[in-house]
>>> print(open('coords15.cif').read())   # mmCIF, C-alpha atoms and all ligand atoms
data_start
loop_
_atom_site.group_PDB
_atom_site.id
_atom_site.type_symbol
_atom_site.label_atom_id
_atom_site.label_comp_id
_atom_site.auth_asym_id
_atom_site.auth_seq_id
_atom_site.Cartn_x
_atom_site.Cartn_y
_atom_site.Cartn_z
ATOM 1 C CA MET U 1 -40.580 42.057 14.992
ATOM 2 C CA PRO U 2 -43.217 44.414 13.650
ATOM 3 C CA GLY U 3 -45.345 46.459 15.969
ATOM 4 C CA TYR U 4 -48.106 44.130 17.138
ATOM 5 C CA GLY U 5 -48.174 45.996 20.454
ATOM 6 C CA ARG U 6 -48.510 49.282 18.592
ATOM 7 C CA ALA U 7 -51.295 47.754 16.501
ATOM 8 C CA LEU U 8 -53.132 46.691 19.670
ATOM 9 C CA ARG U 9 -52.867 50.294 20.914
ATOM 10 C CA ARG U 10 -54.552 51.531 17.680
ATOM 11 C CA ALA U 11 -51.280 53.114 16.552
ATOM 12 C CA CYS U 12 -49.246 52.739 13.360
ATOM 13 C CA PRO U 13 -47.560 49.308 13.485
ATOM 14 C CA ARG U 14 -44.430 50.672 11.798
ATOM 15 C CA CYS U 15 -43.688 53.939 13.648
ATOM 16 C CA GLY U 16 -46.146 53.998 16.559
ATOM 17 C CA HIS U 17 -47.758 57.269 15.484
ATOM 18 C CA SER U 18 -51.197 57.772 16.969
ATOM 19 C CA PRO U 19 -53.976 58.408 16.175
ATOM 20 C CA VAL U 20 -54.238 56.613 12.857
ATOM 21 C CA PHE U 21 -58.043 56.373 13.029
ATOM 22 C CA SER U 22 -60.157 59.353 11.979
ATOM 23 C CA SER U 23 -63.124 57.808 13.819
ATOM 24 C CA PHE U 24 -63.636 54.579 15.754
ATOM 25 C CA TYR U 25 -63.762 52.505 12.550
ATOM 26 C CA ASP U 26 -62.104 54.655 9.876
ATOM 27 C CA LEU U 27 -58.399 54.013 9.483
ATOM 28 C CA SER U 28 -56.636 56.904 7.791
ATOM 29 C CA HIS U 29 -55.377 56.436 4.248
ATOM 30 C CA ARG U 30 -51.737 56.983 5.249
ATOM 31 C CA CYS U 31 -49.839 57.269 8.506
ATOM 32 C CA ALA U 32 -49.075 60.912 9.356
ATOM 33 C CA GLY U 33 -45.857 59.809 11.087
ATOM 34 C CA CYS U 34 -44.137 57.615 8.485
ATOM 35 C CA ASP U 35 -46.392 57.963 5.399
ATOM 36 C CA LEU U 36 -47.171 54.240 5.433
ATOM 37 C CA LEU U 37 -50.000 53.437 3.014
ATOM 38 C CA PHE U 38 -52.447 51.317 5.015
ATOM 39 C CA GLU U 39 -54.751 49.974 2.310
ATOM 40 C CA ARG U 40 -52.303 48.750 -0.299
ATOM 41 C CA GLU U 41 -54.836 47.480 -2.817
ATOM 42 C CA PRO U 42 -58.558 46.814 -3.240
ATOM 43 C CA GLY U 43 -59.609 43.889 -1.078
ATOM 44 C CA TYR U 44 -56.696 44.413 1.291
ATOM 45 C CA TRP U 45 -58.911 44.287 4.408
ATOM 46 C CA ILE U 46 -59.907 40.675 3.778
ATOM 47 C CA GLY U 47 -56.879 39.791 5.911
ATOM 48 C CA ALA U 48 -58.358 41.859 8.757
ATOM 49 C CA MET U 49 -61.665 40.050 8.337
ATOM 50 C CA ILE U 50 -59.860 36.695 8.514
ATOM 51 C CA ILE U 51 -58.166 37.761 11.772
ATOM 52 C CA ASN U 52 -61.551 38.852 13.132
ATOM 53 C CA THR U 53 -63.230 35.605 12.051
ATOM 54 C CA ALA U 54 -60.436 33.480 13.534
ATOM 55 C CA LEU U 55 -60.688 35.326 16.855
ATOM 56 C CA ILE U 56 -64.456 34.998 17.064
ATOM 57 C CA SER U 57 -64.334 31.318 16.097
ATOM 58 C CA PHE U 58 -61.844 30.703 18.887
ATOM 59 C CA LEU U 59 -63.935 32.731 21.351
ATOM 60 C CA PHE U 60 -67.086 30.820 20.387
ATOM 61 C CA LEU U 61 -65.464 27.456 21.015
ATOM 62 C CA ALA U 62 -63.666 28.624 24.167
ATOM 63 C CA SER U 63 -66.746 30.246 25.710
ATOM 64 C CA MET U 64 -68.968 27.262 24.887
ATOM 65 C CA GLY U 65 -66.364 24.892 26.300
ATOM 66 C CA LEU U 66 -65.911 27.001 29.433
ATOM 67 C CA GLY U 67 -69.672 27.253 29.949
ATOM 68 C CA MET U 68 -70.112 23.515 29.558
ATOM 69 C CA TRP U 69 -67.195 22.836 31.922
ATOM 70 C CA LEU U 70 -68.558 25.217 34.568
ATOM 71 C CA PHE U 71 -72.162 23.967 34.563
ATOM 72 C CA TRP U 72 -71.790 20.284 33.647
ATOM 73 C CA PRO U 73 -74.008 18.188 33.888
ATOM 74 C CA ASP U 74 -76.841 20.734 34.279
ATOM 75 C CA VAL U 75 -75.814 23.055 31.463
ATOM 76 C CA PRO U 76 -78.341 25.867 30.900
ATOM 77 C CA TRP U 77 -78.169 25.507 27.108
ATOM 78 C CA GLY U 78 -80.497 28.399 26.299
ATOM 79 C CA TRP U 79 -78.694 30.903 28.505
ATOM 80 C CA LEU U 80 -75.268 29.643 27.469
ATOM 81 C CA LEU U 81 -76.057 29.781 23.771
ATOM 82 C CA GLY U 82 -77.729 33.191 24.139
ATOM 83 C CA GLY U 83 -74.705 34.575 25.979
ATOM 84 C CA VAL U 84 -72.234 33.128 23.519
ATOM 85 C CA ILE U 85 -74.201 34.400 20.510
ATOM 86 C CA THR U 86 -74.428 37.869 22.086
ATOM 87 C CA LEU U 87 -70.678 37.799 22.741
ATOM 88 C CA ASN U 88 -70.076 36.697 19.167
ATOM 89 C CA ALA U 89 -72.246 39.515 17.850
ATOM 90 C CA VAL U 90 -70.562 42.278 19.872
ATOM 91 C CA ILE U 91 -66.861 41.306 19.877
ATOM 92 C CA PRO U 92 -66.294 41.369 16.078
ATOM 93 C CA VAL U 93 -67.818 44.852 15.812
ATOM 94 C CA VAL U 94 -65.658 46.207 18.638
ATOM 95 C CA PHE U 95 -62.518 44.333 17.559
ATOM 96 C CA TYR U 96 -62.681 45.163 13.825
ATOM 97 C CA PRO U 97 -60.515 48.345 13.995
ATOM 98 C CA LEU U 98 -57.831 46.427 15.902
ATOM 99 C CA SER U 99 -57.986 43.612 13.364
ATOM 100 C CA LYS U 100 -57.095 46.195 10.696
ATOM 101 C CA THR U 101 -53.992 47.454 12.512
ATOM 102 C CA LEU U 102 -53.028 43.857 13.396
ATOM 103 C CA TRP U 103 -53.369 42.892 9.729
ATOM 104 C CA VAL U 104 -51.086 45.799 8.723
ATOM 105 C CA ALA U 105 -48.535 44.607 11.336
ATOM 106 C CA LEU U 106 -48.737 41.040 10.010
ATOM 107 C CA ASP U 107 -48.379 42.304 6.440
ATOM 108 C CA LEU U 108 -45.311 44.330 7.490
ATOM 109 C CA SER U 109 -43.772 41.163 8.951
ATOM 110 C CA PHE U 110 -44.399 39.365 5.643
ATOM 111 C CA GLN U 111 -42.702 42.219 3.814
ATOM 112 C CA GLU U 112 -39.718 42.142 6.168
ATOM 113 C CA ALA U 113 -39.413 38.400 5.631
ATOM 114 C CA ALA U 114 -39.553 38.935 1.883
ATOM 115 C CA GLY U 115 -36.956 41.698 2.069
ATOM 116 C CA GLU U 116 -39.294 44.498 1.089
ATOM 117 C CA ARG U 117 -38.562 47.577 3.161
ATOM 118 C CA GLU U 118 -40.494 50.266 1.382
ATOM 119 C CA ARG U 119 -44.163 50.535 0.631
ATOM 120 C CA ARG U 120 -45.702 52.677 -2.061
HETATM 121 ZN ZN ZN A 201 -46.379 55.255 10.808
#
>>> encode(input="coords15.cif", output="structure tokens", more="lines below")
Ligand SMILES: [Zn+2]
Amino acid sequence: MPGYGRALRRACPRCGHSPVFSSFYDLSHRCAGCDLLFEREPGYWIGAMIINTALISFLFLASMGLGMWLFWPDVPWGWLLGGVITLNAVIPVVFYPLSKTLWVALDLSFQEAAGERERR
């Protein structure tokens, strides 16, 4: 199983080397530990954006559902919607770097399943 735990710790999903980010958002071009090329091709980070969008969609539905469940039948719709929208504006920005390392880990698992061991 590829390194999803390493990815969640902002480390290289393949070897665990850290840091792999040159700043909060900027993932290095290659891993200094195992020379893994992170961005394999143009448009590669669309997978990270899909992970981020899936997470925020789930969080939107879960937080709305939880809010409705907690306050039913007197749901404070304005406050609930304002809180959920604020949450949905902040979480994707904070989570985006992790979505990149998680996408690399998922891509590595696809490669292992396909029998590819080496990356360019
Ligand atoms: Zn590495």
>>> closest_residue(input="coords15.cif", among="U:Met64, U:Thr53, U:Ile91, U:Cys34", to="Trp79 of chain U", atoms="all atoms listed in the file")
U:Met64
>>> resolve_selection(input="coords15.cif", expression="the PyMOL selection byres (((not hetatm)) within 6 of (chain A and resi 201))", output="compact mmCIF listing (two decimals) with C-alpha atoms, keeping the file's coordinate frame")
# COMPACT_ATOMS: atom_id res chain seq x y z
CA CYS U 12 -49.25 52.74 13.36
CA ARG U 14 -44.43 50.67 11.80
CA CYS U 15 -43.69 53.94 13.65
CA GLY U 16 -46.15 54.00 16.56
CA HIS U 17 -47.76 57.27 15.48
CA CYS U 31 -49.84 57.27 8.51
CA GLY U 33 -45.86 59.81 11.09
CA CYS U 34 -44.14 57.62 8.48
CA LEU U 36 -47.17 54.24 5.43
>>> closest_residue(input="coords15.cif", among="U:Ala105, U:Ser99, U:Gln111, U:Arg40", to="Gly5 of chain U", atoms="only C-alpha atoms")
U:Ala105
>>> residues_around(input="coords15.cif", residues="Gly3 of chain U", least_positions_apart="4", cutoff="12 Å", atoms="all atoms listed in the file", output="list in words")
Ala7, Leu8, Arg9, Arg10, Ala11, Cys12, Pro13, Arg14, Cys15, Gly16, His17, Thr101, Leu102, Trp103, Val104, Ala105, Leu106, Asp107, Leu108 and Ser109 of chain U
>>> write_last_selection(input="coords15.cif", atoms="C-alpha atoms", output="PDB file, in the frame of the given file")
ATOM      1  CA  ALA U   7     -51.295  47.754  16.501  1.00  0.00           C
ATOM      2  CA  LEU U   8     -53.132  46.691  19.670  1.00  0.00           C
ATOM      3  CA  ARG U   9     -52.867  50.294  20.914  1.00  0.00           C
ATOM      4  CA  ARG U  10     -54.552  51.531  17.680  1.00  0.00           C
ATOM      5  CA  ALA U  11     -51.280  53.114  16.552  1.00  0.00           C
ATOM      6  CA  CYS U  12     -49.246  52.739  13.360  1.00  0.00           C
ATOM      7  CA  PRO U  13     -47.560  49.308  13.485  1.00  0.00           C
ATOM      8  CA  ARG U  14     -44.430  50.672  11.798  1.00  0.00           C
ATOM      9  CA  CYS U  15     -43.688  53.939  13.648  1.00  0.00           C
ATOM     10  CA  GLY U  16     -46.146  53.998  16.559  1.00  0.00           C
ATOM     11  CA  HIS U  17     -47.758  57.269  15.484  1.00  0.00           C
ATOM     12  CA  THR U 101     -53.992  47.454  12.512  1.00  0.00           C
ATOM     13  CA  LEU U 102     -53.028  43.857  13.396  1.00  0.00           C
ATOM     14  CA  TRP U 103     -53.369  42.892   9.729  1.00  0.00           C
ATOM     15  CA  VAL U 104     -51.086  45.799   8.723  1.00  0.00           C
ATOM     16  CA  ALA U 105     -48.535  44.607  11.336  1.00  0.00           C
ATOM     17  CA  LEU U 106     -48.737  41.040  10.010  1.00  0.00           C
ATOM     18  CA  ASP U 107     -48.379  42.304   6.440  1.00  0.00           C
ATOM     19  CA  LEU U 108     -45.311  44.330   7.490  1.00  0.00           C
ATOM     20  CA  SER U 109     -43.772  41.163   8.951  1.00  0.00           C
TER      21      SER U 109
END
>>> axis_aligned_box(input="coords15.cif", around="segment 89-106 of chain U", padding_each_side="8 Å", output="JSON")
{"center_x": -60.4, "center_y": 43.9, "center_z": 14.3, "size_x": 39.7, "size_y": 24.8, "size_z": 27.2}
>>> atom_distance(input="coords15.cif", atom1="atom CA of Phe71 of chain U", atom2="atom CA of Pro92 of chain U")
26.1 Å
>>> atom_distance(input="coords15.cif", atom1="atom CA of Ala32 of chain U", atom2="atom CA of Val20 of chain U")
7.6 Å
>>> resolve_selection(input="coords15.cif", expression="the PyMOL selection byres (((chain U and resi 56) around 12) and not hetatm)", output="ChimeraX atom specification")
/U:49-55,57-64,84-96,99
>>> resolve_selection(input="coords15.cif", expression="the PyMOL selection byres (((chain U and resi 27) around 10) and not hetatm)", output="ChimeraX atom specification")
/U:10,19-26,28-31,38-39,97-98,100-101
>>> write_last_selection(input="coords15.cif", atoms="C-alpha atoms", output="mmCIF file, in the frame of the given file")
data_model
loop_
_atom_site.group_PDB
_atom_site.id
_atom_site.type_symbol
_atom_site.label_atom_id
_atom_site.label_comp_id
_atom_site.auth_asym_id
_atom_site.auth_seq_id
_atom_site.Cartn_x
_atom_site.Cartn_y
_atom_site.Cartn_z
ATOM 1 C CA ARG U 10 -54.552 51.531 17.680
ATOM 2 C CA PRO U 19 -53.976 58.408 16.175
ATOM 3 C CA VAL U 20 -54.238 56.613 12.857
ATOM 4 C CA PHE U 21 -58.043 56.373 13.029
ATOM 5 C CA SER U 22 -60.157 59.353 11.979
ATOM 6 C CA SER U 23 -63.124 57.808 13.819
ATOM 7 C CA PHE U 24 -63.636 54.579 15.754
ATOM 8 C CA TYR U 25 -63.762 52.505 12.550
ATOM 9 C CA ASP U 26 -62.104 54.655 9.876
ATOM 10 C CA SER U 28 -56.636 56.904 7.791
ATOM 11 C CA HIS U 29 -55.377 56.436 4.248
ATOM 12 C CA ARG U 30 -51.737 56.983 5.249
ATOM 13 C CA CYS U 31 -49.839 57.269 8.506
ATOM 14 C CA PHE U 38 -52.447 51.317 5.015
ATOM 15 C CA GLU U 39 -54.751 49.974 2.310
ATOM 16 C CA PRO U 97 -60.515 48.345 13.995
ATOM 17 C CA LEU U 98 -57.831 46.427 15.902
ATOM 18 C CA LYS U 100 -57.095 46.195 10.696
ATOM 19 C CA THR U 101 -53.992 47.454 12.512
#
>>> atom_distance(input="coords15.cif", atom1="atom CA of Leu81 of chain U", atom2="atom CA of Gly65 of chain U")
11.1 Å
